[in-house]
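model_30.tsv, holding TSV, C-alpha atoms and all ligand atoms:
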chain	number	residue	atom	x	y	z
A	1	MET	CA	106.12	61.45	111.33
A	2	ASN	CA	108.22	64.36	110.07
A	3	TYR	CA	106.58	64.62	106.66
A	4	GLN	CA	108.46	67.77	105.64
A	5	LYS	CA	111.81	66.06	106.21
A	6	VAL	CA	110.84	62.96	104.23
A	7	ILE	CA	109.44	65.06	101.38
A	8	ASN	CA	112.55	67.24	101.22
A	9	GLU	CA	114.87	64.23	101.17
A	10	ILE	CA	113.04	62.41	98.39
A	11	TYR	CA	112.57	65.64	96.44
A	12	GLN	CA	116.30	66.42	96.53
A	13	THR	CA	117.30	62.88	95.57
A	14	ILE	CA	114.97	62.81	92.57
A	15	HIS	CA	115.79	66.39	91.61
A	16	ASN	CA	119.47	65.42	91.35
A	17	GLN	CA	118.67	62.53	88.99
A	18	GLU	CA	118.17	62.88	85.25
A	19	ASN	CA	114.65	64.10	84.38
A	20	ILE	CA	113.59	61.32	82.01
A	21	GLY	CA	110.45	60.91	79.86
A	22	GLN	CA	108.50	63.05	77.41
A	23	VAL	CA	106.11	65.95	77.91
A	24	ALA	CA	102.70	65.17	76.33
A	25	SER	CA	102.53	66.84	72.95
A	26	TYR	CA	99.45	65.27	71.34
A	27	ILE	CA	97.57	68.23	72.82
A	28	PRO	CA	99.85	70.93	71.32
A	29	GLU	CA	99.20	73.47	74.07
A	30	LEU	CA	100.42	71.03	76.76
A	31	SER	CA	103.88	70.82	75.15
A	32	LYS	CA	104.53	74.48	76.06
A	33	VAL	CA	105.03	73.64	79.74
A	34	ASP	CA	108.51	73.93	81.28
A	35	PRO	CA	109.57	70.29	81.84
A	36	SER	CA	111.73	71.21	84.82
A	37	ASN	CA	108.68	72.04	86.97
A	38	PHE	CA	108.56	69.73	89.97
A	39	GLY	CA	106.22	70.21	92.92
A	40	VAL	CA	104.91	68.19	95.84
A	41	CYS	CA	102.22	68.91	98.42
A	42	LEU	CA	101.00	66.71	101.27
A	43	ARG	CA	97.98	67.50	103.45
A	44	THR	CA	97.16	65.44	106.52
A	45	ILE	CA	93.72	64.67	107.88
A	46	LYS	CA	94.39	67.39	110.48
A	47	ASN	CA	94.87	69.82	107.57
A	48	GLU	CA	98.60	70.23	108.16
A	49	GLU	CA	100.25	71.18	104.89
A	50	PHE	CA	103.75	70.37	103.62
A	51	GLY	CA	105.18	71.43	100.27
A	52	ALA	CA	108.32	71.36	98.15
A	53	GLY	CA	109.38	72.90	94.83
A	54	ASP	CA	106.66	74.21	92.49
A	55	TRP	CA	103.79	73.09	94.73
A	56	GLN	CA	101.83	76.33	94.36
A	57	THR	CA	102.10	76.64	90.56
A	58	LYS	CA	98.96	75.81	88.60
A	59	PHE	CA	99.10	73.20	85.83
A	60	SER	CA	96.68	71.28	83.62
A	61	ILE	CA	95.32	68.46	85.78
A	62	GLN	CA	93.80	66.67	82.74
A	63	SER	CA	92.46	63.22	83.69
A	64	ILE	CA	92.70	63.84	87.43
A	65	SER	CA	89.51	65.85	86.94
A	66	LYS	CA	87.70	62.67	85.82
A	67	VAL	CA	87.53	61.66	89.49
A	68	LEU	CA	85.80	64.95	90.28
A	69	SER	CA	83.22	64.71	87.49
A	70	LEU	CA	82.56	61.11	88.51
A	71	SER	CA	82.07	62.22	92.13
A	72	LEU	CA	79.61	64.91	91.10
A	73	ALA	CA	77.60	62.46	88.96
A	74	TYR	CA	77.63	59.91	91.80
A	75	LYS	CA	76.46	62.57	94.24
A	76	ILE	CA	73.57	63.60	91.97
A	77	LEU	CA	72.42	60.20	90.67
A	78	GLY	CA	73.75	57.58	93.08
A	79	ASP	CA	74.16	53.98	91.96
A	80	SER	CA	72.15	54.36	88.75
A	81	ILE	CA	75.34	55.66	87.03
A	82	TRP	CA	76.72	52.08	87.06
A	83	LYS	CA	74.13	51.09	84.45
A	84	ARG	CA	76.02	53.28	81.98
A	85	VAL	CA	79.65	52.62	82.92
A	86	GLY	CA	81.53	49.68	84.49
A	87	VAL	CA	84.04	49.43	87.33
A	88	GLU	CA	86.62	47.05	85.84
A	89	PRO	CA	90.21	47.95	84.95
A	90	SER	CA	90.55	48.12	81.18
A	91	GLY	CA	94.12	46.89	80.69
A	92	ASN	CA	94.09	49.02	77.54
A	93	PRO	CA	95.29	52.54	76.74
A	94	PHE	CA	93.07	55.35	78.08
A	95	ASN	CA	91.84	56.29	74.61
A	96	SER	CA	91.26	52.79	73.24
A	97	LEU	CA	88.28	52.06	71.00
A	98	ILE	CA	88.68	48.28	70.92
A	99	GLN	CA	86.79	47.18	74.04
A	100	LEU	CA	83.81	49.38	73.30
A	101	GLU	CA	82.91	47.22	70.33
A	102	THR	CA	82.74	44.01	72.35
A	103	ASP	CA	81.22	45.73	75.40
A	104	ASN	CA	78.40	47.31	73.35
A	105	GLY	CA	79.35	50.88	74.15
A	106	ILE	CA	79.49	50.45	77.94
A	107	PRO	CA	82.96	51.73	78.90
A	108	ARG	CA	84.94	49.53	81.29
A	109	ASN	CA	85.33	52.27	83.92
A	110	PRO	CA	84.76	56.01	84.42
A	111	LEU	CA	88.47	56.93	84.42
A	112	ILE	CA	89.25	55.98	80.82
A	113	ASN	CA	88.25	58.57	78.23
A	114	ALA	CA	85.17	56.65	77.04
A	115	GLY	CA	83.87	56.30	80.62
A	116	ALA	CA	84.57	59.94	81.42
A	117	MET	CA	82.59	60.98	78.34
A	118	VAL	CA	79.59	58.97	79.50
A	119	ILE	CA	79.87	60.71	82.88
A	120	CYS	CA	80.00	64.08	81.06
A	121	ASP	CA	76.85	63.09	79.17
A	122	ILE	CA	75.13	62.20	82.46
A	123	LEU	CA	76.09	65.57	83.96
A	124	ILE	CA	74.82	67.45	80.90
A	125	SER	CA	71.46	65.67	81.24
A	126	HIS	CA	71.16	66.28	84.99
A	127	THR	CA	72.53	69.78	85.58
A	128	GLU	CA	71.45	73.18	84.29
A	129	ASN	CA	74.81	74.00	82.74
A	130	ALA	CA	77.35	71.21	83.19
A	131	THR	CA	80.44	73.28	82.34
A	132	ASN	CA	79.50	75.95	84.85
A	133	ASP	CA	78.06	73.64	87.53
A	134	PHE	CA	81.12	71.37	87.46
A	135	LEU	CA	83.48	74.33	87.92
A	136	GLN	CA	81.37	75.63	90.82
A	137	PHE	CA	81.44	72.16	92.41
A	138	VAL	CA	85.26	72.00	92.23
A	139	ARG	CA	85.63	75.56	93.55
A	140	LYS	CA	83.34	74.72	96.45
A	141	ILE	CA	85.11	71.56	97.58
A	142	CYS	CA	88.49	73.30	97.25
A	143	SER	CA	87.18	76.49	98.92
A	144	ASN	CA	88.88	78.41	96.14
A	145	ASN	CA	87.10	80.63	93.60
A	146	ASN	CA	90.32	81.08	91.72
A	147	ILE	CA	90.11	77.73	89.94
A	148	ASN	CA	89.41	77.95	86.21
A	149	TYR	CA	89.39	76.12	82.92
A	150	SER	CA	92.18	76.86	80.48
A	151	GLU	CA	90.38	77.98	77.33
A	152	SER	CA	93.59	77.65	75.28
A	153	ILE	CA	94.14	74.03	76.36
A	154	ALA	CA	90.47	73.13	75.84
A	155	GLN	CA	90.55	74.63	72.33
A	156	SER	CA	93.89	73.00	71.53
A	157	GLU	CA	92.49	69.60	72.45
A	158	LYS	CA	89.26	70.25	70.57
A	159	ALA	CA	91.22	71.08	67.41
A	160	THR	CA	93.31	67.89	67.55
A	161	GLY	CA	91.12	65.43	69.50
A	162	TYR	CA	90.26	63.15	66.57
A	163	ARG	CA	90.37	59.98	68.62
A	164	ASN	CA	88.21	61.40	71.41
A	165	ILE	CA	85.74	62.65	68.79
A	166	ALA	CA	85.66	59.12	67.33
A	167	LEU	CA	85.16	57.60	70.80
A	168	CYS	CA	82.22	59.83	71.64
A	169	ASN	CA	80.48	59.20	68.32
A	170	PHE	CA	81.14	55.47	68.64
A	171	ILE	CA	79.48	55.36	72.09
A	172	LYS	CA	76.60	57.42	70.71
A	173	SER	CA	76.10	54.74	68.01
A	174	PHE	CA	75.44	52.22	70.81
A	175	GLY	CA	72.93	54.57	72.42
A	176	ASN	CA	75.03	55.26	75.54
A	177	ILE	CA	75.37	59.01	74.86
A	178	GLU	CA	72.07	60.92	75.16
A	179	ASN	CA	73.21	64.39	74.12
A	180	ASP	CA	74.80	65.79	70.98
A	181	PRO	CA	78.40	64.42	70.83
A	182	ALA	CA	79.77	67.91	70.09
A	183	THR	CA	78.21	69.21	73.33
A	184	VAL	CA	79.57	66.25	75.32
A	185	LEU	CA	83.05	66.70	73.85
A	186	ASP	CA	83.07	70.43	74.54
A	187	PHE	CA	82.33	69.78	78.21
A	188	TYR	CA	84.83	66.88	78.30
A	189	PHE	CA	87.67	69.04	76.87
A	190	HIS	CA	86.90	71.85	79.33
A	191	MET	CA	86.65	69.43	82.25
A	192	CYS	CA	90.14	68.09	81.41
A	193	SER	CA	91.60	71.59	80.99
A	194	ILE	CA	91.03	72.68	84.58
A	195	GLU	CA	94.16	74.13	86.19
A	196	MET	CA	95.22	73.57	89.78
A	197	SER	CA	98.38	73.51	91.85
A	198	CYS	CA	99.50	70.56	93.97
A	199	GLN	CA	98.26	72.59	96.94
A	200	ASP	CA	94.79	72.99	95.37
A	201	LEU	CA	94.64	69.27	94.55
A	202	THR	CA	95.30	68.15	98.12
A	203	LYS	CA	92.58	70.52	99.37
A	204	THR	CA	90.13	69.36	96.71
A	205	PHE	CA	90.59	65.65	97.39
A	206	MET	CA	90.13	65.88	101.16
A	207	PHE	CA	86.53	64.70	100.66
A	208	LEU	CA	87.77	61.26	99.57
A	209	MET	CA	90.33	60.99	102.37
A	210	ASP	CA	88.47	62.35	105.40
A	211	ASN	CA	85.06	60.86	106.30
A	212	ASN	CA	84.26	64.01	108.28
A	213	PHE	CA	84.99	66.42	105.44
A	214	ARG	CA	82.35	69.13	104.98
A	215	THR	CA	82.17	71.95	102.41
A	216	PRO	CA	82.11	75.55	103.72
A	217	GLU	CA	78.27	75.20	103.68
A	218	ASN	CA	78.68	72.19	106.01
A	219	GLU	CA	77.61	69.80	103.27
A	220	ARG	CA	78.93	66.28	102.78
A	221	VAL	CA	80.13	65.54	99.23
A	222	LEU	CA	79.75	61.74	99.21
A	223	ASN	CA	78.76	59.27	101.89
A	224	THR	CA	81.33	56.84	103.33
A	225	SER	CA	80.35	53.98	101.06
A	226	GLN	CA	80.44	56.17	97.94
A	227	ALA	CA	83.88	57.54	98.87
A	228	LYS	CA	85.15	54.00	99.43
A	229	ARG	CA	83.95	53.04	95.97
A	230	ILE	CA	85.58	56.00	94.23
A	231	ASN	CA	88.84	55.19	96.02
A	232	ALA	CA	88.54	51.57	94.88
A	233	ILE	CA	88.14	52.69	91.27
A	234	MET	CA	91.19	54.95	91.60
A	235	GLU	CA	93.15	52.04	93.05
A	236	THR	CA	92.29	49.65	90.21
A	237	CYS	CA	91.92	52.05	87.26
A	238	GLY	CA	93.71	55.32	88.09
A	239	PHE	CA	96.98	54.87	86.19
A	240	TYR	CA	96.03	53.77	82.68
A	241	ASP	CA	97.44	50.34	81.96
A	242	GLU	CA	100.03	50.87	84.69
A	243	SER	CA	97.44	50.65	87.48
A	244	GLY	CA	98.66	47.25	88.64
A	245	GLU	CA	102.23	48.53	88.73
A	246	PHE	CA	101.17	51.56	90.78
A	247	ALA	CA	99.36	49.34	93.31
A	248	PHE	CA	102.41	47.07	93.38
A	249	LYS	CA	104.99	49.81	93.91
A	250	VAL	CA	103.05	52.60	95.66
A	251	GLY	CA	99.91	51.02	97.08
A	252	LEU	CA	97.55	54.01	97.29
A	253	PRO	CA	94.36	54.98	95.45
A	254	GLY	CA	95.23	57.75	93.01
A	255	LYS	CA	94.83	59.28	89.60
A	256	SER	CA	97.29	60.68	87.12
A	257	GLY	CA	96.89	63.04	84.19
A	258	VAL	CA	98.89	63.68	81.02
A	259	GLY	CA	99.76	67.15	82.33
A	260	GLY	CA	102.21	65.31	84.63
A	261	GLY	CA	100.15	65.48	87.82
A	262	ILE	CA	99.44	62.62	90.20
A	263	LEU	CA	97.05	62.76	93.14
A	264	ALA	CA	97.10	59.90	95.64
A	265	LEU	CA	95.62	59.46	99.08
A	266	HIS	CA	95.79	57.31	102.15
A	267	PRO	CA	92.26	57.12	103.63
A	268	ASN	CA	92.11	58.84	107.04
A	269	GLU	CA	95.78	59.90	106.85
A	270	TYR	CA	96.82	62.16	103.99
A	271	CYS	CA	96.40	63.38	100.41
A	272	ILE	CA	99.51	63.91	98.31
A	273	ALA	CA	99.95	65.60	94.92
A	274	ILE	CA	103.05	65.57	92.72
A	275	TRP	CA	103.63	67.43	89.48
A	276	SER	CA	106.43	66.86	87.00
A	277	PRO	CA	105.44	67.11	83.31
A	278	LYS	CA	107.70	64.44	81.77
A	279	LEU	CA	105.74	61.22	81.34
A	280	ASN	CA	106.85	57.59	81.15
A	281	LYS	CA	105.80	55.33	78.27
A	282	LYS	CA	102.45	54.56	79.94
A	283	GLY	CA	101.58	58.25	80.28
A	284	ASN	CA	102.28	58.69	84.01
A	285	SER	CA	104.65	61.31	85.42
A	286	SER	CA	108.08	59.64	85.66
A	287	ARG	CA	109.22	61.65	88.66
A	288	GLY	CA	105.79	61.39	90.25
A	289	MET	CA	105.87	57.59	90.13
A	290	LYS	CA	109.38	57.53	91.56
A	291	PHE	CA	108.49	59.99	94.28
A	292	LEU	CA	105.45	58.07	95.46
A	293	GLU	CA	107.18	54.71	95.44
A	294	SER	CA	109.90	56.09	97.64
A	295	PHE	CA	107.43	58.01	99.83
A	296	THR	CA	105.17	55.08	100.77
A	297	THR	CA	108.25	52.89	101.31
A	298	LYS	CA	109.97	55.40	103.62
A	299	THR	CA	106.82	56.28	105.56
A	300	ASN	CA	105.56	52.69	105.54
A	301	SER	CA	102.18	54.03	104.51
A	302	SER	CA	100.83	52.01	101.62
A	303	ILE	CA	97.28	50.76	102.22
A	304	PHE	CA	98.52	47.19	101.82
A	401	LIG	N1	92.13	65.30	77.83
A	401	LIG	C1	93.03	64.20	77.72
A	401	LIG	C2	92.56	63.23	76.64
A	401	LIG	O1	91.40	62.97	76.55
A	401	LIG	C3	93.13	63.50	79.06
A	401	LIG	C4	94.20	62.48	79.05
A	401	LIG	C5	94.70	62.10	80.39
A	401	LIG	O2	95.12	62.92	81.20
A	401	LIG	O3	94.67	60.89	80.63
A	401	LIG	O4	93.31	62.73	75.88
What do you get writing this file as structure tokens?
Amino acid sequence: MNYQKVINEIYQTIHNQENIGQVASYIPELSKVDPSNFGVCLRTIKNEEFGAGDWQTKFSIQSISKVLSLSLAYKILGDSIWKRVGVEPSGNPFNSLIQLETDNGIPRNPLINAGAMVICDILISHTENATNDFLQFVRKICSNNNINYSESIAQSEKATGYRNIALCNFIKSFGNIENDPATVLDFYFHMCSIEMSCQDLTKTFMFLMDNNFRTPENERVLNTSQAKRINAIMETCGFYDESGEFAFKVGLPGKSGVGGGILALHPNEYCIAIWSPKLNKKGNSSRGMKFLESFTTKTNSSIF
């Protein structure tokens, strides 16, 4: 498969089309991004790398990082995390409060905001310094010490995150947050503010694609069964209430973020990351969705 050729062709086709959608502005700092950015990186299981456009430019990965915090909590605590958070698609917006009332404060899954906050709470309870330990974990699996939080984005979200603040306090009222909500939210906003390029993302997510992946210290991140489960959650819950549509059109486990990034992977074959900041109405990168639909069709590589 000539991945570079396929990537270049799709990239050019989409680049020539109108760049539709809206850049996220509910976090004011995110609206400062240049909407014309468009990058793609693919990494195969043999670690061959292919890129196009702005694939080495760092951006705010936002909710994509929820998969990484979930993986760290799963690594530390194993299956006991599922007592605190479910594994069902929500069918509701990522920041919805409605289901929490009927579900008694147990979020439907760890990739919606409520679920990610419970995972943050778990990490605060079981690490020395969650904000620092999480960053070190990401740097280690990416083999890159140059990955950082964006303090300006974290602070911008903190100053305007009324709904997230409500969510965290609401879960606390059901007893499913152990720590002080302000501490949980501070870690949550930092966790979402992490900046990576498409190239960094494909390196970072190798551990969910390649069963033989080892960190530089020759350590396994998750076992095969755990990796399968995280991929299953990405498949069913990774794209807000457009997850069914993504499975239908693209057919890969993945996760998007409101910074316009999408990470998707084909187990034992490749990881692919796309970045284009303009989002569709469901909050997923418009160009990213288009790119991946075309990519899995042309390469005949959906998991279905
Ligand atoms: N930090 C963002 C929020 O909580 C993440 C949103 C996203 O990328 O889905 O609203």
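Closest approach to ligand LIG 401 (chain A) from the set A:Pro107, A:Gly261, A:Gly21, A:Pro267 is made by A:Gly261, with distances taken over all atoms listed in the file.
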key: Shell of 6 Å around ligand LIG 401 (chain A) (all atoms listed in the file), written as a VMD selection string   = chain A and resid 62 to 63 113 189 192 257 to 258
task = Do a neighbour search on Leu265 of chain A at 8 Å with all atoms listed in the file, toss out local chain neighbours closer than 5 positions, and write the hits as a PyMOL selection string.
result = chain A and resi 209+252-254+270-272
task = Go through A:Phe213, A:Trp82, A:Phe239, A:Phe304 and flag the residue nearest Ile112 of chain A, using all atoms listed in the file for the distances.
result = A:Phe239
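Atom CA of Thr13 of chain A is positioned 20.5 Å from atom CA of Gln56 of chain A.
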With a cut-off of 10 Å, could you pull out the residues of segment 59-96 of chain A touching segment 120-140 of chain A and give me the nearest pair of atoms for each, distance in Å to one decimal, using only C-alpha atoms, ordered by chain and ascending number, as JSON lines?
{"residue": "A:Ser65", "atom": "CA", "partner": "A:Val138", "partner_atom": "CA", "distance": 9.2}
{"residue": "A:Lys66", "atom": "CA", "partner": "A:Cys120", "partner_atom": "CA", "distance": 9.2}
{"residue": "A:Leu68", "atom": "CA", "partner": "A:Val138", "partner_atom": "CA", "distance": 7.3}
{"residue": "A:Ser69", "atom": "CA", "partner": "A:Phe134", "partner_atom": "CA", "distance": 7.0}
{"residue": "A:Leu70", "atom": "CA", "partner": "A:Cys120", "partner_atom": "CA", "distance": 8.4}
{"residue": "A:Ser71", "atom": "CA", "partner": "A:Phe137", "partner_atom": "CA", "distance": 10.0}
{"residue": "A:Leu72", "atom": "CA", "partner": "A:Phe134", "partner_atom": "CA", "distance": 7.6}
{"residue": "A:Ala73", "atom": "CA", "partner": "A:Leu123", "partner_atom": "CA", "distance": 6.1}
{"residue": "A:Tyr74", "atom": "CA", "partner": "A:Leu123", "partner_atom": "CA", "distance": 9.8}
{"residue": "A:Ile76", "atom": "CA", "partner": "A:His126", "partner_atom": "CA", "distance": 7.9}
{"residue": "A:Leu77", "atom": "CA", "partner": "A:His126", "partner_atom": "CA", "distance": 8.4}
{"residue": "A:Ile81", "atom": "CA", "partner": "A:Ile122", "partner_atom": "CA", "distance": 8.0}
{"residue": "A:Arg84", "atom": "CA", "partner": "A:Ile122", "partner_atom": "CA", "distance": 9.0}
ask   = atom CA of Met1 of chain A and atom CA of Asn212 of chain A, how far apart in Å?
value = 22.2 Å
With the cut-off set at 10 Å and counting all atoms listed in the file, tabulate each residue of segment 112-221 of chain A with an atom at most that distance from an atom of segment 227-238 of chain A, showing the nearest atom pair and its distance in Å to one decimal, ordered by chain and increasing number, as a Markdown table.
| residue | atom | partner | partner_atom | distance |
| --- | --- | --- | --- | --- |
| A:Ile112 | CA | A:Cys237 | CA | 8.0 |
| A:Phe207 | CA | A:Ala227 | CA | 7.8 |
| A:Leu208 | CA | A:Ala227 | CA | 5.4 |
| A:Met209 | CA | A:Ala227 | CA | 8.1 |
| A:Asp210 | CA | A:Ala227 | CA | 9.3 |
| A:Asn211 | CA | A:Ala227 | CA | 8.2 |
| A:Val221 | CA | A:Ala227 | CA | 8.8 |
How about saving the chosen residues, C-alpha atoms kept, as a PDB file, in the coordinates of the input?
ATOM      1  CA  ILE A 112      89.250  55.980  80.820  1.00  0.00           C
ATOM      2  CA  PHE A 207      86.530  64.700 100.660  1.00  0.00           C
ATOM      3  CA  LEU A 208      87.770  61.260  99.570  1.00  0.00           C
ATOM      4  CA  MET A 209      90.330  60.990 102.370  1.00  0.00           C
ATOM      5  CA  ASP A 210      88.470  62.350 105.400  1.00  0.00           C
ATOM      6  CA  ASN A 211      85.060  60.860 106.300  1.00  0.00           C
ATOM      7  CA  VAL A 221      80.130  65.540  99.230  1.00  0.00           C
TER       8      VAL A 221
END
Padded axis-aligned box of segment 273-292 of chain A (6 Å per side), centre and edge lengths, Å, one decimal, as AutoDock Vina command-line options:
--center_x 104.7 --center_y 61.0 --center_z 86.9 --size_x 21.4 --size_y 24.9 --size_z 29.2
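For the atom pair formed by atom CA of Val6 of chain A and atom CA of Arg43 of chain A, the distance is 13.7 Å, given to one decimal.
Compared by their closest atoms to Ile165 of chain A, and using all atoms listed in the file, the residues A:Thr183, A:Asn145, A:Gln199, A:Ser25 rank with A:Thr183 nearest.
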If we count only C-alpha atoms, what is near Gly260 of chain A at a cut-off of 9 Å, once residues fewer than 2 positions away on the same chain are taken out, given as a compact mmCIF listing (two decimals) with C-alpha atoms, keeping the file's coordinate frame?
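File part_23.txt, as written:
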# COMPACT_ATOMS: atom_id res chain seq x y z
CA VAL A 23 106.11 65.95 77.91
CA ALA A 24 102.70 65.17 76.33
CA PHE A 59 99.10 73.20 85.83
CA SER A 60 96.68 71.28 83.62
CA ILE A 61 95.32 68.46 85.78
CA GLN A 62 93.80 66.67 82.74
CA SER A 256 97.29 60.68 87.12
CA GLY A 257 96.89 63.04 84.19
CA VAL A 258 98.89 63.68 81.02
CA ILE A 262 99.44 62.62 90.20
CA ILE A 274 103.05 65.57 92.72
CA TRP A 275 103.63 67.43 89.48
CA SER A 276 106.43 66.86 87.00
CA PRO A 277 105.44 67.11 83.31
CA LYS A 278 107.70 64.44 81.77
CA LEU A 279 105.74 61.22 81.34
CA GLY A 283 101.58 58.25 80.28
CA ASN A 284 102.28 58.69 84.01
CA SER A 285 104.65 61.31 85.42
CA SER A 286 108.08 59.64 85.66
CA ARG A 287 109.22 61.65 88.66
CA GLY A 288 105.79 61.39 90.25
